[in-house]
Amino acid sequence: MAAHALDYDVQLMLRVKAGDTSCFGVLLERHRHPVIHFLYRMVQNHAVAEELAQDVFLRVFRSRASYEATAKFTTWLFRIATHLALNWLRDAKKDRVQDSLDAESSDAPALQLADRNPNVEQHMVSGTRLEEIRRAIASLPEKQRAAVLMHKYEEMEYSQIAKVLCCSESAVKSLLFRAYETLRARLAHMA
Amino acid sequence: MNCPSKTRNGRLRLIEFATGRARAMERMELQFHADSCPACRSLIDEQRQVFAALDGWDAVAPSRDFNRKLYARFELEANRSWFRRFQQVFEHPAWIGRSSYPLAIAAVLVVGFFAGDASRFITRWRGIVPATTAPAAAPATVQDPTAQLIQALDDLQLLDQIDSVKHRVHRSRTRPL
Ligand SMILES: [Zn+2]
């Protein structure tokens, strides 16, 4: 995100803190989509993703009085989103939603290893392939998944991902390294 | 240049290269190396395939009523905090049961109304509600006393509903299994 855009988010949040709650609506419009998309890819359930996204924005609004512009607004926002997603995923391990996802995985047809068409994008319309991608992401340990989603879709730097996940840059590199090794192994056959 | 595919950091550099976000100098250096290194070229190709696959995974659009639901939760939360404050006021006198809140509030309202200054009284009473319940909403306008009284009665009804829900929850928690 460009520096001026960062400043704009922080300025908006500081105005929310000062009592100008209309600025919260602007922040919501600017960040609603990325937050929902991130949560959707984390939990892979649209209704849950929206519920969690609402929790994220509720928490942001609740915390307005104590907000300090010490970091990028998006770092703070995604820290809350990641925290909620990881908590939900932990709780859902015993849950029926997760069970049904697991059942889908075990009932799914075998991977089409023989398909060696090099133009992957042409085939992305295929539900089976999307399902494979979805399952490949779901197979990643939760922190690796969060790191990959922020790196790939939010185009975050290692340093920002480290701040979101409250770990070192070295730990982020390790998470991304292992995650992409797994994804290449699982998705390389699609090429 | 040592082959980057042999180390973890080197492989991460190749991954960054495959994203297209590597810095210009780094990009040139890696491209120059990969042109003559099958291992690095293979890793870059595979990584690009992974990114292309991930690009094909579109997240669904937010539902149309996302904002409405969110603001409804703001409203509910604000009402809850307002209710909690009222609850604290009435918690100390032991002779007032929880189910008496609406009656007690109604009594206070009636007294205030018949004191001849209903409008100011209700406005002051409603002033307890935080002003930040709906962030994008237009500023509140001054209503006539009748409308305010209707609003106050609606709020009383809400209190009553919250009270009955709390009782139901309490009953269900204390019910033997
Ligand atoms: Zn090499």
# chains A, B, ... in the order shown; residues from 1 in each chain; ligands from 1
$ residues_around --residues "segment 5-7 of chain B" --least-positions-apart "4" --cutoff "7 Å" --atoms "only C-alpha atoms" --output "PDB file with N, CA, C and O atoms, in the first residue's frame"
ATOM      1  N   ARG B  11      15.803 -19.747  -2.161  1.00  0.00           N
ATOM      2  CA  ARG B  11      14.523 -20.195  -2.736  1.00  0.00           C
ATOM      3  C   ARG B  11      13.431 -19.151  -2.503  1.00  0.00           C
ATOM      4  O   ARG B  11      12.576 -18.937  -3.351  1.00  0.00           O
ATOM      5  N   ALA B  39      17.664 -25.777 -12.576  1.00  0.00           N
ATOM      6  CA  ALA B  39      17.022 -25.958 -11.257  1.00  0.00           C
ATOM      7  C   ALA B  39      16.249 -24.700 -10.864  1.00  0.00           C
ATOM      8  O   ALA B  39      15.087 -24.769 -10.442  1.00  0.00           O
ATOM      9  N   CYS B  40      16.872 -23.547 -11.016  1.00  0.00           N
ATOM     10  CA  CYS B  40      16.208 -22.287 -10.645  1.00  0.00           C
ATOM     11  C   CYS B  40      15.056 -21.982 -11.605  1.00  0.00           C
ATOM     12  O   CYS B  40      13.990 -21.523 -11.183  1.00  0.00           O
TER      13      CYS B  40
END
$ residues_near_ligand --ligand "ligand 1" --cutoff "12 Å" --atoms "only C-alpha atoms and all ligand atoms" --output "list in words"
Met1, Asn2, Cys3, Pro4, Ser5, Lys6, Thr7, Gly10, Arg11, Arg13, Leu14, Glu29, Leu30, Gln31, Phe32, His33, Ala34, Asp35, Ser36, Cys37, Pro38, Ala39, Cys40, Arg41, Ser42, Leu43 and Ile44 of chain B
$ residues_around --residues "Phe57 of chain A" --least-positions-apart "3" --cutoff "10 Å" --atoms "only C-alpha atoms" --output "list in words"
Phe24, Leu27, Leu28, His31, Arg32, Val35, Leu52, Ala53, Gln54, Val60, Phe61, Arg62, Ser63, Leu77, Ile80 and Ala81 of chain A; Leu70 and Phe74 of chain B
$ write_last_selection --atoms "C-alpha atoms" --output "PDB file, in the first residue's frame"
ATOM      1  CA  PHE A  24     -15.537   4.676  10.316  1.00  0.00           C
ATOM      2  CA  LEU A  27     -12.653   2.767   6.648  1.00  0.00           C
ATOM      3  CA  LEU A  28     -15.272   0.037   6.410  1.00  0.00           C
ATOM      4  CA  HIS A  31     -11.176  -2.516   3.942  1.00  0.00           C
ATOM      5  CA  ARG A  32     -14.360  -4.578   3.996  1.00  0.00           C
ATOM      6  CA  VAL A  35     -10.856  -8.489   5.234  1.00  0.00           C
ATOM      7  CA  LEU A  52     -15.826 -12.853  11.669  1.00  0.00           C
ATOM      8  CA  ALA A  53     -15.374  -9.766   9.493  1.00  0.00           C
ATOM      9  CA  GLN A  54     -18.153  -8.092  11.435  1.00  0.00           C
ATOM     10  CA  VAL A  60     -11.880  -1.833  15.640  1.00  0.00           C
ATOM     11  CA  PHE A  61     -14.727   0.466  16.588  1.00  0.00           C
ATOM     12  CA  ARG A  62     -14.681  -0.635  20.231  1.00  0.00           C
ATOM     13  CA  SER A  63     -10.930  -0.007  20.414  1.00  0.00           C
ATOM     14  CA  LEU A  77      -6.708  -4.695  11.101  1.00  0.00           C
ATOM     15  CA  ILE A  80      -7.382  -8.686  14.620  1.00  0.00           C
ATOM     16  CA  ALA A  81      -8.681 -10.648  11.614  1.00  0.00           C
TER      17      ALA A  81
ATOM     18  CA  LEU B  70     -22.886  -4.764  11.124  1.00  0.00           C
ATOM     19  CA  PHE B  74     -23.463  -1.778  16.758  1.00  0.00           C
TER      20      PHE B  74
END
$ interface_residues --of "chain B" --to "chain A" --cutoff "7 Å" --atoms "only C-alpha atoms" --output "short mmCIF file (atom, residue, chain, number, x, y, z; two decimals) with N, CA and C atoms, in the first residue's frame"
data_model
loop_
_atom_site.label_atom_id
_atom_site.label_comp_id
_atom_site.auth_asym_id
_atom_site.auth_seq_id
_atom_site.Cartn_x
_atom_site.Cartn_y
_atom_site.Cartn_z
N ARG B 8 17.49 -21.97 1.70
CA ARG B 8 16.13 -21.51 2.00
C ARG B 8 15.93 -20.05 1.56
N LEU B 12 13.51 -18.48 -1.34
CA LEU B 12 12.54 -17.40 -1.08
C LEU B 12 12.75 -16.24 -2.07
N GLU B 46 7.48 -23.44 -11.62
CA GLU B 46 6.51 -24.09 -10.73
C GLU B 46 5.84 -23.07 -9.82
N GLN B 47 6.64 -22.15 -9.31
CA GLN B 47 6.08 -21.14 -8.41
C GLN B 47 5.09 -20.25 -9.15
N GLN B 49 3.29 -21.16 -11.62
CA GLN B 49 2.07 -21.98 -11.80
C GLN B 49 1.22 -21.96 -10.53
N VAL B 50 1.91 -22.03 -9.40
CA VAL B 50 1.17 -21.97 -8.12
C VAL B 50 0.46 -20.63 -8.00
N ALA B 52 -0.44 -18.63 -10.40
CA ALA B 52 -1.52 -18.56 -11.39
C ALA B 52 -2.74 -19.33 -10.89
N ALA B 53 -2.48 -20.47 -10.26
CA ALA B 53 -3.58 -21.26 -9.71
C ALA B 53 -4.29 -20.46 -8.61
N LEU B 54 -3.50 -19.85 -7.71
CA LEU B 54 -4.10 -19.08 -6.61
C LEU B 54 -4.87 -17.87 -7.14
N GLY B 56 -6.65 -17.85 -9.63
CA GLY B 56 -7.95 -18.33 -10.11
C GLY B 56 -8.97 -18.53 -9.00
N TRP B 57 -8.53 -18.37 -7.76
CA TRP B 57 -9.43 -18.57 -6.63
C TRP B 57 -10.01 -17.22 -6.19
N ALA B 59 -12.42 -14.81 -4.28
CA ALA B 59 -13.27 -14.83 -3.10
C ALA B 59 -14.63 -14.28 -3.49
N PRO B 62 -18.89 -9.70 -0.78
CA PRO B 62 -19.64 -9.60 0.48
C PRO B 62 -21.13 -9.56 0.20
N LEU B 70 -23.93 -5.30 10.25
CA LEU B 70 -22.89 -4.76 11.12
C LEU B 70 -23.44 -3.62 11.97
N THR B 132 -22.73 7.32 19.56
CA THR B 132 -21.95 6.68 18.50
C THR B 132 -22.54 5.35 18.08
N PRO B 135 -22.38 4.78 13.15
CA PRO B 135 -21.32 5.68 12.71
C PRO B 135 -21.65 6.51 11.48
N ALA B 136 -22.32 5.91 10.50
CA ALA B 136 -22.53 6.65 9.27
C ALA B 136 -23.88 7.37 9.26
#
